[in-house]
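Novice: What follows is run-v3.cif, made up of mmCIF, C-alpha atoms (C1' of nucleotides):
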```cif
data_input
#
loop_
_atom_site.label_atom_id
_atom_site.label_comp_id
_atom_site.auth_asym_id
_atom_site.auth_seq_id
_atom_site.Cartn_x
_atom_site.Cartn_y
_atom_site.Cartn_z
CA MET A 1 104.97 93.85 95.67
CA ARG A 2 108.53 93.53 94.50
CA TRP A 3 111.07 95.98 95.76
CA GLY A 4 111.90 96.95 92.20
CA ASP A 5 108.39 98.25 91.64
CA LEU A 6 108.69 100.77 94.45
CA SER A 7 110.01 103.60 92.34
CA GLU A 8 106.71 103.66 90.46
CA GLN A 9 104.74 104.53 93.59
CA ASN A 10 103.34 108.02 93.76
CA CYS A 11 105.21 108.80 96.94
CA SER A 12 108.48 110.63 97.39
CA MET A 13 109.54 108.39 100.19
CA SER A 14 109.08 105.24 98.11
CA ARG A 15 111.06 106.83 95.35
CA SER A 16 113.87 107.82 97.71
CA LEU A 17 113.97 104.37 99.25
CA ALA A 18 113.97 102.71 95.85
CA VAL A 19 117.43 104.28 95.54
CA LEU A 20 118.68 104.30 99.14
CA GLY A 21 116.59 101.77 100.97
CA ASP A 22 118.54 98.57 100.82
CA ARG A 23 120.80 97.18 103.43
CA TRP A 24 124.09 98.82 102.51
CA THR A 25 123.53 101.96 100.50
CA LEU A 26 123.16 104.41 103.37
CA LEU A 27 126.27 103.03 105.03
CA ILE A 28 128.19 103.54 101.81
CA LEU A 29 126.98 107.12 101.77
CA ARG A 30 127.97 107.64 105.40
CA ASP A 31 131.48 106.64 104.36
CA CYS A 32 131.32 109.09 101.47
CA PHE A 33 130.65 111.91 103.92
CA LEU A 34 133.70 110.70 105.86
CA ARG A 35 135.75 111.12 102.68
CA VAL A 36 136.01 107.47 101.77
CA ARG A 37 136.25 107.35 98.01
CA ARG A 38 137.86 104.17 96.71
CA PHE A 39 136.62 100.67 96.21
CA GLU A 40 139.11 99.03 98.54
CA GLU A 41 138.50 101.66 101.20
CA PHE A 42 134.76 101.07 101.15
CA GLN A 43 135.27 97.36 101.21
CA ALA A 44 137.66 97.47 104.15
CA SER A 45 135.59 99.99 106.06
CA LEU A 46 132.26 98.20 105.64
CA GLY A 47 133.22 94.55 105.32
CA ILE A 48 130.63 94.34 102.55
CA ALA A 49 130.76 91.61 99.92
CA ARG A 50 132.66 92.92 96.93
CA ARG A 51 129.99 92.01 94.44
CA VAL A 52 127.37 93.88 96.42
CA LEU A 53 129.61 96.92 96.81
CA SER A 54 130.23 96.97 93.11
CA GLU A 55 126.51 96.79 92.38
CA ARG A 56 125.63 99.52 94.85
CA LEU A 57 128.28 101.92 93.61
CA ASP A 58 127.11 101.39 90.05
CA LYS A 59 123.56 102.11 91.05
CA LEU A 60 124.46 105.25 92.98
CA VAL A 61 126.41 106.49 89.97
CA ALA A 62 123.51 105.67 87.66
CA GLU A 63 121.20 107.63 89.96
CA GLY A 64 123.54 110.61 90.04
CA VAL A 65 124.19 110.38 93.77
CA LEU A 66 127.86 109.62 93.23
CA ARG A 67 130.11 110.32 90.29
CA ARG A 68 132.97 108.10 89.14
CA GLU A 69 136.14 110.08 88.71
CA LEU A 70 139.47 109.07 87.20
CA TYR A 71 142.27 109.57 89.70
CA GLN A 72 145.00 107.61 87.92
CA GLU A 73 145.82 106.72 84.33
CA ARG A 74 147.59 103.42 83.57
CA PRO A 75 146.15 101.45 85.11
CA GLN A 76 142.98 103.48 85.03
CA ARG A 77 141.57 103.85 88.51
CA PHE A 78 138.41 105.58 89.58
CA GLU A 79 137.07 106.97 92.78
CA TYR A 80 133.54 107.75 93.86
CA ARG A 81 132.50 111.21 95.02
CA LEU A 82 129.26 112.75 96.15
CA THR A 83 127.43 114.89 93.65
CA GLU A 84 125.23 117.77 94.74
CA LYS A 85 122.35 115.32 94.82
CA GLY A 86 124.42 113.15 97.12
CA LEU A 87 125.42 116.03 99.36
CA ASP A 88 121.73 116.80 99.76
CA LEU A 89 121.41 113.55 101.69
CA TYR A 90 123.34 115.02 104.59
CA PRO A 91 120.19 115.68 106.64
CA VAL A 92 119.12 112.06 106.25
CA ILE A 93 122.50 110.76 107.34
CA LEU A 94 122.88 113.11 110.26
CA SER A 95 119.35 112.46 111.51
CA LEU A 96 120.07 108.75 111.52
CA VAL A 97 123.34 109.27 113.35
CA HIS A 98 121.74 111.42 116.01
CA TRP A 99 118.86 109.03 116.49
CA GLY A 100 121.43 106.30 117.03
CA ASP A 101 123.34 108.56 119.39
CA ARG A 102 120.21 109.08 121.41
CA TYR A 103 119.02 105.50 121.63
CA TYR A 104 122.02 103.28 121.11
CA ALA A 105 125.03 105.09 122.54
CA GLY A 106 126.43 102.99 125.32
CA ARG A 107 127.72 104.25 128.67
CA ALA A 108 130.61 105.80 126.78
CA GLY A 109 128.34 108.21 124.90
CA PRO A 110 128.14 108.70 121.13
CA PRO A 111 131.25 107.47 119.31
CA MET A 112 131.33 110.53 117.08
CA LEU A 113 130.52 114.19 117.68
CA HIS A 114 129.79 116.87 115.12
CA ARG A 115 131.05 120.38 115.52
CA HIS A 116 129.22 123.23 113.84
CA LEU A 117 132.06 125.37 112.58
CA ALA A 118 129.88 128.48 112.35
CA CYS A 119 129.09 128.53 116.07
CA GLY A 120 131.85 126.33 117.40
CA HIS A 121 129.64 123.91 119.31
CA ASP A 122 129.10 120.18 119.12
CA PHE A 123 125.50 119.87 118.03
CA ARG A 124 122.60 117.59 117.35
CA SER A 125 120.59 117.96 114.18
CA VAL A 126 117.22 119.62 114.54
CA LEU A 127 114.41 119.51 112.03
CA ALA A 128 113.48 123.08 111.16
CA CYS A 129 110.89 124.72 108.94
CA SER A 130 112.20 126.24 105.71
CA GLU A 131 109.64 129.06 105.98
CA CYS A 132 109.87 130.26 109.57
CA GLY A 133 113.08 128.61 110.77
CA GLU A 134 111.47 127.18 113.90
CA ALA A 135 112.02 123.62 115.08
CA VAL A 136 109.30 121.26 113.87
CA ARG A 137 107.70 118.38 115.78
CA PRO A 138 105.51 115.70 114.19
CA GLN A 139 102.35 117.12 115.76
CA ASP A 140 103.09 120.54 114.21
CA VAL A 141 102.78 119.16 110.71
CA ALA A 142 99.71 118.50 108.58
CA PRO A 143 100.50 116.44 105.49
CA HIS A 144 98.12 116.99 102.62
CA PRO A 145 97.99 115.80 99.04
CA CYS A 146 99.35 118.30 96.58
CA ALA A 147 97.07 117.69 93.63
CA VAL A 148 94.60 115.07 92.56
CA ILE A 149 95.28 111.75 94.22
CA ARG A 150 94.84 108.89 91.86
CA ARG A 151 92.78 106.10 93.33
CA LYS A 152 91.61 102.89 91.85
CA THR A 153 87.93 103.67 91.45
CA GLY A 154 86.84 100.45 89.78
CA MET B 1 130.15 90.98 107.15
CA ARG B 2 126.67 89.79 107.95
CA TRP B 3 123.91 92.31 108.35
CA GLY B 4 123.17 90.94 111.78
CA ASP B 5 126.61 91.94 113.03
CA LEU B 6 126.06 95.58 112.19
CA SER B 7 124.61 96.55 115.54
CA GLU B 8 127.93 95.71 117.16
CA GLN B 9 129.79 98.37 115.20
CA ASN B 10 130.97 101.37 117.14
CA CYS B 11 128.98 103.77 114.99
CA SER B 12 125.60 105.27 115.64
CA MET B 13 124.61 105.06 112.03
CA SER B 14 125.33 101.32 111.87
CA ARG B 15 123.30 100.84 114.99
CA SER B 16 120.39 102.84 113.60
CA LEU B 17 120.48 100.97 110.34
CA ALA B 18 120.66 97.63 112.09
CA VAL B 19 117.10 98.48 113.18
CA LEU B 20 115.79 100.54 110.27
CA GLY B 21 117.99 99.72 107.35
CA ASP B 22 116.26 96.89 105.58
CA ARG B 23 114.03 97.14 102.60
CA TRP B 24 110.66 97.74 104.22
CA THR B 25 111.06 99.13 107.70
CA LEU B 26 111.22 102.82 106.83
CA LEU B 27 108.16 102.49 104.62
CA ILE B 28 106.27 100.88 107.48
CA LEU B 29 107.26 103.82 109.64
CA ARG B 30 106.17 106.31 107.02
CA ASP B 31 102.76 104.67 107.18
CA CYS B 32 102.80 104.95 110.96
CA PHE B 33 103.25 108.70 110.66
CA LEU B 34 100.24 108.69 108.32
CA ARG B 35 98.22 107.00 111.08
CA VAL B 36 98.23 103.51 109.66
CA ARG B 37 98.08 101.17 112.62
CA ARG B 38 96.72 97.73 111.77
CA PHE B 39 98.19 94.70 110.12
CA GLU B 40 95.76 94.60 107.22
CA GLU B 41 96.14 98.32 106.64
CA PHE B 42 99.91 98.07 106.41
CA GLN B 43 99.64 95.08 104.15
CA ALA B 44 97.19 96.76 101.80
CA SER B 45 99.06 100.04 101.80
CA LEU B 46 102.49 98.57 101.14
CA GLY B 47 101.78 95.39 99.21
CA ILE B 48 104.43 93.76 101.36
CA ALA B 49 104.53 90.00 101.88
CA ARG B 50 102.62 89.17 105.05
CA ARG B 51 105.43 87.15 106.54
CA VAL B 52 107.87 90.01 106.10
CA LEU B 53 105.40 92.52 107.55
CA SER B 54 104.86 90.32 110.55
CA GLU B 55 108.61 90.00 111.12
CA ARG B 56 109.25 93.71 110.76
CA LEU B 57 106.48 94.73 113.12
CA ASP B 58 107.77 92.28 115.71
CA LYS B 59 111.25 93.69 115.39
CA LEU B 60 110.09 97.29 115.69
CA VAL B 61 108.13 96.39 118.80
CA ALA B 62 111.14 94.54 120.24
CA GLU B 63 113.26 97.62 119.60
CA GLY B 64 110.73 99.92 121.23
CA VAL B 65 110.02 101.90 118.08
CA LEU B 66 106.41 100.74 118.00
CA ARG B 67 104.19 99.43 120.72
CA ARG B 68 101.51 96.79 120.28
CA GLU B 69 98.23 97.93 121.75
CA LEU B 70 95.00 96.04 122.31
CA TYR B 71 92.12 97.72 120.52
CA GLN B 72 89.56 94.92 120.75
CA GLU B 73 88.87 92.06 123.13
CA ARG B 74 87.34 88.85 121.78
CA PRO B 75 88.86 88.24 119.43
CA GLN B 76 91.88 90.03 120.75
CA ARG B 77 93.21 92.44 118.17
CA PHE B 78 96.24 94.66 118.36
CA GLU B 79 97.42 97.75 116.61
CA TYR B 80 100.84 99.25 116.26
CA ARG B 81 101.64 102.77 117.39
CA LEU B 82 104.75 104.88 117.45
CA THR B 83 106.49 105.24 120.78
CA GLU B 84 108.48 108.35 121.64
CA LYS B 85 111.50 106.60 120.19
CA GLY B 86 109.52 106.09 117.01
CA LEU B 87 108.30 109.66 116.89
CA ASP B 88 111.93 110.76 117.10
CA LEU B 89 112.40 109.31 113.63
CA TYR B 90 110.33 112.08 112.11
CA PRO B 91 113.39 114.04 110.91
CA VAL B 92 114.69 110.96 109.13
CA ILE B 93 111.37 110.32 107.39
CA LEU B 94 110.79 113.92 106.42
CA SER B 95 114.33 114.37 105.12
CA LEU B 96 113.84 111.34 102.90
CA VAL B 97 110.51 112.63 101.66
CA HIS B 98 111.91 116.03 100.82
CA TRP B 99 114.92 114.57 99.08
CA GLY B 100 112.52 112.52 96.97
CA ASP B 101 110.43 115.64 96.35
CA ARG B 102 113.47 117.45 95.10
CA TYR B 103 114.91 114.77 92.84
CA TYR B 104 112.06 112.48 91.88
CA ALA B 105 108.92 114.58 91.73
CA GLY B 106 107.58 114.45 88.20
CA ARG B 107 106.15 117.34 86.24
CA ALA B 108 103.22 117.26 88.64
CA GLY B 109 105.36 118.26 91.59
CA PRO B 110 105.59 116.46 94.93
CA PRO B 111 102.60 114.19 95.60
CA MET B 112 102.38 115.33 99.20
CA LEU B 113 102.94 118.68 100.89
CA HIS B 114 103.55 119.37 104.56
CA ARG B 115 102.06 122.36 106.29
CA HIS B 116 103.77 123.76 109.36
CA LEU B 117 100.80 124.57 111.59
CA ALA B 118 102.77 127.07 113.66
CA CYS B 119 103.48 129.36 110.71
CA GLY B 120 100.83 128.19 108.26
CA HIS B 121 103.18 127.53 105.34
CA ASP B 122 103.95 124.44 103.32
CA PHE B 123 107.58 123.80 104.09
CA ARG B 124 110.65 121.75 103.35
CA SER B 125 112.68 120.30 106.17
CA VAL B 126 115.93 122.09 106.93
CA LEU B 127 118.78 120.68 108.95
CA ALA B 128 119.52 123.10 111.80
CA CYS B 129 122.04 123.29 114.61
CA SER B 130 120.71 122.51 118.07
CA GLU B 131 123.07 125.10 119.58
CA CYS B 132 122.68 128.17 117.40
CA GLY B 133 119.57 127.34 115.38
CA GLU B 134 121.19 128.15 112.04
CA ALA B 135 120.86 125.95 108.98
CA VAL B 136 123.75 123.52 108.60
CA ARG B 137 125.48 122.43 105.40
CA PRO B 138 127.87 119.48 105.15
CA GLN B 139 130.88 121.75 104.79
CA ASP B 140 129.98 123.53 108.04
CA VAL B 141 130.45 120.38 110.06
CA ALA B 142 133.59 118.78 111.45
CA PRO B 143 132.99 115.26 112.71
CA HIS B 144 135.41 114.16 115.40
CA PRO B 145 135.69 111.10 117.60
CA CYS B 146 134.21 111.57 121.02
CA ALA B 147 136.55 109.45 123.09
CA VAL B 148 139.17 106.81 122.47
CA ILE B 149 138.59 105.06 119.20
CA ARG B 150 139.19 101.38 119.46
CA ARG B 151 141.32 100.04 116.65
CA LYS B 152 142.67 96.61 115.96
CA THR B 153 146.31 97.22 116.75
CA GLY B 154 147.88 93.95 115.91
"C1'" DC C 1 159.99 86.39 85.91
"C1'" DT C 2 157.81 87.32 90.41
"C1'" DT C 3 155.35 89.91 93.48
"C1'" DA C 4 152.30 93.69 94.61
"C1'" DT C 5 148.23 96.79 94.04
"C1'" DA C 6 143.56 98.35 92.91
"C1'" DA C 7 139.28 97.39 91.07
"C1'" DG C 8 136.53 94.62 90.00
"C1'" DT C 9 134.05 89.65 88.40
"C1'" DC C 10 132.72 84.72 89.29
"C1'" DT C 11 131.12 80.89 91.95
"C1'" DT C 12 128.61 78.41 95.34
"C1'" DG C 13 126.04 77.54 99.48
"C1'" DA C 14 123.22 80.20 102.83
"C1'" DA C 15 119.77 83.50 103.96
"C1'" DA C 16 115.93 86.34 102.96
"C1'" DG C 17 111.97 87.63 100.24
"C1'" DT C 18 107.51 86.49 97.44
"C1'" DG C 19 102.72 85.12 96.92
"C1'" DA C 20 99.24 82.10 97.69
"C1'" DA C 21 96.93 79.17 100.64
"C1'" DC C 22 95.89 78.06 105.28
"C1'" DT C 23 94.78 78.65 110.43
"C1'" DC C 24 92.45 80.50 114.35
"C1'" DA C 25 89.22 82.97 117.29
"C1'" DG C 26 85.26 85.01 117.14
"C1'" DT C 27 80.99 87.63 114.93
"C1'" DC C 28 76.85 87.89 112.44
"C1'" DA C 29 72.77 86.41 109.69
"C1'" DA C 30 69.56 82.85 108.33
"C1'" DT D 1 74.35 74.99 113.86
"C1'" DT D 2 75.73 75.92 109.66
"C1'" DG D 3 78.05 78.94 106.62
"C1'" DA D 4 80.14 83.16 105.29
"C1'" DC D 5 83.07 86.76 106.99
"C1'" DT D 6 86.99 89.41 109.53
"C1'" DG D 7 91.57 90.43 111.08
"C1'" DA D 8 95.89 88.82 112.28
"C1'" DG D 9 98.88 86.19 111.56
"C1'" DT D 10 101.59 81.33 109.88
"C1'" DT D 11 103.16 77.87 106.47
"C1'" DC D 12 104.99 76.37 102.28
"C1'" DA D 13 107.19 76.08 97.76
"C1'" DC D 14 109.56 78.53 95.30
"C1'" DT D 15 112.81 82.77 93.55
"C1'" DT D 16 116.09 86.26 94.51
"C1'" DT D 17 119.73 88.22 96.86
"C1'" DC D 18 123.74 87.94 99.82
"C1'" DA D 19 128.42 86.32 101.90
"C1'" DA D 20 132.93 84.97 101.42
"C1'" DG D 21 136.52 83.78 99.01
"C1'" DA D 22 138.92 82.66 94.62
"C1'" DC D 23 139.94 84.49 90.27
"C1'" DT D 24 141.00 88.28 86.56
"C1'" DT D 25 143.06 92.33 84.47
"C1'" DA D 26 146.24 96.10 83.88
"C1'" DT D 27 150.35 97.93 85.34
"C1'" DA D 28 154.52 98.99 88.15
"C1'" DA D 29 158.47 97.73 90.82
"C1'" DG D 30 162.22 94.65 92.04
#
```
Starting from the file, lay out its structure as structure tokens.
Specialist:
Amino acid sequence: MRWGDLSEQNCSMSRSLAVLGDRWTLLILRDCFLRVRRFEEFQASLGIARRVLSERLDKLVAEGVLRRELYQERPQRFEYRLTEKGLDLYPVILSLVHWGDRYYAGRAGPPMLHRHLACGHDFRSVLACSECGEAVRPQDVAPHPCAVIRRKTG
Amino acid sequence: MRWGDLSEQNCSMSRSLAVLGDRWTLLILRDCFLRVRRFEEFQASLGIARRVLSERLDKLVAEGVLRRELYQERPQRFEYRLTEKGLDLYPVILSLVHWGDRYYAGRAGPPMLHRHLACGHDFRSVLACSECGEAVRPQDVAPHPCAVIRRKTG
DNA sequence: CTTATAAGTCTTGAAAGTGAACTCAGTCAA
DNA sequence: TTGACTGAGTTCACTTTCAAGACTTATAAG
């Protein structure tokens, strides 16, 4: 299967990864959450090839994850900002960061901490249930198909 | 910058993505959480090229995300199972699934639901604070460097 | 004019991915 | 004892994507 065909899969994860799942896109989005907004900033921060950066930004804009906003007339210059759809990726980003913190922080500890302004503490992200608010572990979850699952029956 | 140099970055997200951030790895892990364990099963489920699957599984084993376990002697056959480190990726996977549910579910709704066995409800994943248990939004969080940040100073 | 800046685009060799065929160890059935 | 079959890979001949740097375009500043 080609990567491009992924978005046609009947699976939300495939469809998410069709947008986010290549080598640079999530790093670009991490930068967005750190208030990086301009082409040269992304390029300097990531060391990504310019052509690839350009492609990825275009795709994220096309998908509505980022929007391209004029910040200067003459010469026209644009910056890239998270939309609401983009902001909704925060749990994905933070989960990845905290997994890295747990398994790849050196002796020096995690390079970055996150303070929860509401309670004042540095925190880790916890997966919680939208219905009861409790923390959720993999063994507490039963995935089940929503409706009819289409199978090839031939 | 080459992808291979990513793991040397002083950022937990880079280090996570150095392991997980290519085009197929997270889909392989999704399958793991759905109890797919064997080479042929992964291959059939994903339609991935066999060479790439083989490479990815090896890498995940090398990183300690999966372990390779003998399930049959003569001929020796192995299956791949999540380690604790792998199980800790559940928040990442579920966040991606629920983001896809929200933005890419068709008229039919999400293809897959997740029941929280503790409370009995189908749920969405919510990002919560490990310290106070409250739900966290991006604007509630202040990231700050943990220790000295190394910069190129000349 | 000349240089500088920001945001790209173009080019070219290197790396990675694709799909089909092939290998290898062993089982099973005739 | 041959022949088909299974599961887990490996190999090969392409095709696609990526990396790094040079080039382009619009404009301002000196």
Novice: Got a sec: who's within 7 Å of Leu113 of chain A, counting only C-alpha atoms (C1' of nucleotides), leaving out chain neighbours fewer than 3 positions off, as a list in words?
Specialist: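 With the cut-off at 7 Å, the set is Pro110 and Asp122 of chain A; Pro143, His144, Pro145 and Cys146 of chain B.
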Novice: List as a list in words the protein and nucleic acid residues near segment 11-24 of chain D, meaning an atom at most 9 Å away when only C-alpha atoms (C1' of nucleotides) are counted, but skip any in the same chain fewer than 3 places from it.
Specialist: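 Here the answer would be Ile48, Ala49 and Val52 of chain A; Met1 and Arg2 of chain B; DG8, DT9, DC10, DT11, DA14, DA15, DA16, DG17, DT18, DA21 and DC22 of chain C.
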Novice: Please report the interatomic distance between atom CA of Cys32 of chain B and atom CA of Leu82 of chain B in Å with one decimal.
Specialist: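 Going from atom CA of Cys32 of chain B over to atom CA of Leu82 of chain B, I get 6.8 Å.
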Novice: I'd like the residues picked by the PyMOL selection byres ((chain A) within 6 of (chain B)) written out as number ranges by chain, using the chain letters and numbers from the file.
Specialist: A: 1, 12-13, 16, 21-23, 47-48, 91-92, 95-97, 100-101, 111-117, 123-131, 140-146
Novice: Keeping C-alpha atoms for every residue in the selection just given, could you write it to a file as a compact mmCIF listing (two decimals), keeping the file's coordinate frame?
Specialist:
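Saved the output as out20.txt:
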```txt
# COMPACT_ATOMS: atom_id res chain seq x y z
CA MET A 1 104.97 93.85 95.67
CA SER A 12 108.48 110.63 97.39
CA MET A 13 109.54 108.39 100.19
CA SER A 16 113.87 107.82 97.71
CA GLY A 21 116.59 101.77 100.97
CA ASP A 22 118.54 98.57 100.82
CA ARG A 23 120.80 97.18 103.43
CA GLY A 47 133.22 94.55 105.32
CA ILE A 48 130.63 94.34 102.55
CA PRO A 91 120.19 115.68 106.64
CA VAL A 92 119.12 112.06 106.25
CA SER A 95 119.35 112.46 111.51
CA LEU A 96 120.07 108.75 111.52
CA VAL A 97 123.34 109.27 113.35
CA GLY A 100 121.43 106.30 117.03
CA ASP A 101 123.34 108.56 119.39
CA PRO A 111 131.25 107.47 119.31
CA MET A 112 131.33 110.53 117.08
CA LEU A 113 130.52 114.19 117.68
CA HIS A 114 129.79 116.87 115.12
CA ARG A 115 131.05 120.38 115.52
CA HIS A 116 129.22 123.23 113.84
CA LEU A 117 132.06 125.37 112.58
CA PHE A 123 125.50 119.87 118.03
CA ARG A 124 122.60 117.59 117.35
CA SER A 125 120.59 117.96 114.18
CA VAL A 126 117.22 119.62 114.54
CA LEU A 127 114.41 119.51 112.03
CA ALA A 128 113.48 123.08 111.16
CA CYS A 129 110.89 124.72 108.94
CA SER A 130 112.20 126.24 105.71
CA GLU A 131 109.64 129.06 105.98
CA ASP A 140 103.09 120.54 114.21
CA VAL A 141 102.78 119.16 110.71
CA ALA A 142 99.71 118.50 108.58
CA PRO A 143 100.50 116.44 105.49
CA HIS A 144 98.12 116.99 102.62
CA PRO A 145 97.99 115.80 99.04
CA CYS A 146 99.35 118.30 96.58
```
Novice: How far is it from atom CA of Arg107 of chain B to atom CA of Gly64 of chain A, in Å with one decimal?
Specialist: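 Straight-line distance from atom CA of Arg107 of chain B to atom CA of Gly64 of chain A works out to 19.0 Å.
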Novice: Please identify all residues of chain B having at least one atom at most 12 Å from any atom of chain D, considering all atoms listed in the file, and return them as a list in words.
Specialist: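 So the residues of chain B near chain D are Met1, Arg2, Trp3, Arg38, Phe39, Glu40, Glu41, Phe42, Gln43, Ala49, Arg50, Arg51, Val52, Leu53, Ser54, Glu55, Leu57, Asp58, Tyr71, Gln72, Arg74, Pro75, Gln76, Arg77, Phe78 and Glu79 of chain B.
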Novice: Convert the current residue selection to file output with C-alpha atoms, as a compact mmCIF listing (two decimals), in the frame of the given file.
Specialist:
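Below you can see part31.txt, which holds the result:
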```txt
# COMPACT_ATOMS: atom_id res chain seq x y z
CA MET B 1 130.15 90.98 107.15
CA ARG B 2 126.67 89.79 107.95
CA TRP B 3 123.91 92.31 108.35
CA ARG B 38 96.72 97.73 111.77
CA PHE B 39 98.19 94.70 110.12
CA GLU B 40 95.76 94.60 107.22
CA GLU B 41 96.14 98.32 106.64
CA PHE B 42 99.91 98.07 106.41
CA GLN B 43 99.64 95.08 104.15
CA ALA B 49 104.53 90.00 101.88
CA ARG B 50 102.62 89.17 105.05
CA ARG B 51 105.43 87.15 106.54
CA VAL B 52 107.87 90.01 106.10
CA LEU B 53 105.40 92.52 107.55
CA SER B 54 104.86 90.32 110.55
CA GLU B 55 108.61 90.00 111.12
CA LEU B 57 106.48 94.73 113.12
CA ASP B 58 107.77 92.28 115.71
CA TYR B 71 92.12 97.72 120.52
CA GLN B 72 89.56 94.92 120.75
CA ARG B 74 87.34 88.85 121.78
CA PRO B 75 88.86 88.24 119.43
CA GLN B 76 91.88 90.03 120.75
CA ARG B 77 93.21 92.44 118.17
CA PHE B 78 96.24 94.66 118.36
CA GLU B 79 97.42 97.75 116.61
```
Novice: Place N, CA and C atoms on segment 96-111 of chain A and deliver the coordinates as a PDB file, in the coordinates of the input.
Specialist:
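out-v9.pdb, written as the output of this step:
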```pdb
ATOM      1  N   LEU A  96     119.898 110.149 111.113  1.00  0.00           N
ATOM      2  CA  LEU A  96     120.070 108.750 111.520  1.00  0.00           C
ATOM      3  C   LEU A  96     121.160 108.609 112.568  1.00  0.00           C
ATOM      4  N   VAL A  97     122.246 109.340 112.380  1.00  0.00           N
ATOM      5  CA  VAL A  97     123.340 109.270 113.350  1.00  0.00           C
ATOM      6  C   VAL A  97     122.863 109.767 114.718  1.00  0.00           C
ATOM      7  N   HIS A  98     122.136 110.858 114.720  1.00  0.00           N
ATOM      8  CA  HIS A  98     121.740 111.420 116.010  1.00  0.00           C
ATOM      9  C   HIS A  98     120.656 110.607 116.689  1.00  0.00           C
ATOM     10  N   TRP A  99     119.829 109.957 115.893  1.00  0.00           N
ATOM     11  CA  TRP A  99     118.860 109.030 116.490  1.00  0.00           C
ATOM     12  C   TRP A  99     119.600 107.860 117.138  1.00  0.00           C
ATOM     13  N   GLY A 100     120.596 107.345 116.447  1.00  0.00           N
ATOM     14  CA  GLY A 100     121.430 106.300 117.030  1.00  0.00           C
ATOM     15  C   GLY A 100     122.165 106.776 118.277  1.00  0.00           C
ATOM     16  N   ASP A 101     122.675 107.991 118.217  1.00  0.00           N
ATOM     17  CA  ASP A 101     123.340 108.560 119.390  1.00  0.00           C
ATOM     18  C   ASP A 101     122.388 108.542 120.584  1.00  0.00           C
ATOM     19  N   ARG A 102     121.161 108.955 120.314  1.00  0.00           N
ATOM     20  CA  ARG A 102     120.210 109.080 121.410  1.00  0.00           C
ATOM     21  C   ARG A 102     119.818 107.738 122.001  1.00  0.00           C
ATOM     22  N   TYR A 103     119.596 106.746 121.133  1.00  0.00           N
ATOM     23  CA  TYR A 103     119.020 105.500 121.630  1.00  0.00           C
ATOM     24  C   TYR A 103     119.980 104.320 121.712  1.00  0.00           C
ATOM     25  N   TYR A 104     121.133 104.430 121.100  1.00  0.00           N
ATOM     26  CA  TYR A 104     122.020 103.280 121.110  1.00  0.00           C
ATOM     27  C   TYR A 104     123.436 103.588 121.579  1.00  0.00           C
ATOM     28  N   ALA A 105     123.708 104.828 121.984  1.00  0.00           N
ATOM     29  CA  ALA A 105     125.030 105.090 122.540  1.00  0.00           C
ATOM     30  C   ALA A 105     125.142 104.360 123.869  1.00  0.00           C
ATOM     31  N   GLY A 106     126.237 103.710 124.065  1.00  0.00           N
ATOM     32  CA  GLY A 106     126.430 102.990 125.320  1.00  0.00           C
ATOM     33  C   GLY A 106     126.745 103.969 126.456  1.00  0.00           C
ATOM     34  N   ARG A 107     127.302 103.434 127.516  1.00  0.00           N
ATOM     35  CA  ARG A 107     127.720 104.250 128.670  1.00  0.00           C
ATOM     36  C   ARG A 107     128.753 105.277 128.228  1.00  0.00           C
ATOM     37  N   ALA A 108     129.512 104.933 127.205  1.00  0.00           N
ATOM     38  CA  ALA A 108     130.610 105.800 126.780  1.00  0.00           C
ATOM     39  C   ALA A 108     130.129 107.029 125.999  1.00  0.00           C
ATOM     40  N   GLY A 109     128.844 107.092 125.703  1.00  0.00           N
ATOM     41  CA  GLY A 109     128.340 108.210 124.900  1.00  0.00           C
ATOM     42  C   GLY A 109     128.528 107.953 123.423  1.00  0.00           C
ATOM     43  N   PRO A 110     128.058 108.870 122.583  1.00  0.00           N
ATOM     44  CA  PRO A 110     128.140 108.700 121.130  1.00  0.00           C
ATOM     45  C   PRO A 110     129.597 108.564 120.706  1.00  0.00           C
ATOM     46  N   PRO A 111     129.873 107.662 119.767  1.00  0.00           N
ATOM     47  CA  PRO A 111     131.250 107.470 119.310  1.00  0.00           C
ATOM     48  C   PRO A 111     131.795 108.665 118.540  1.00  0.00           C
TER      49      PRO A 111
END
```
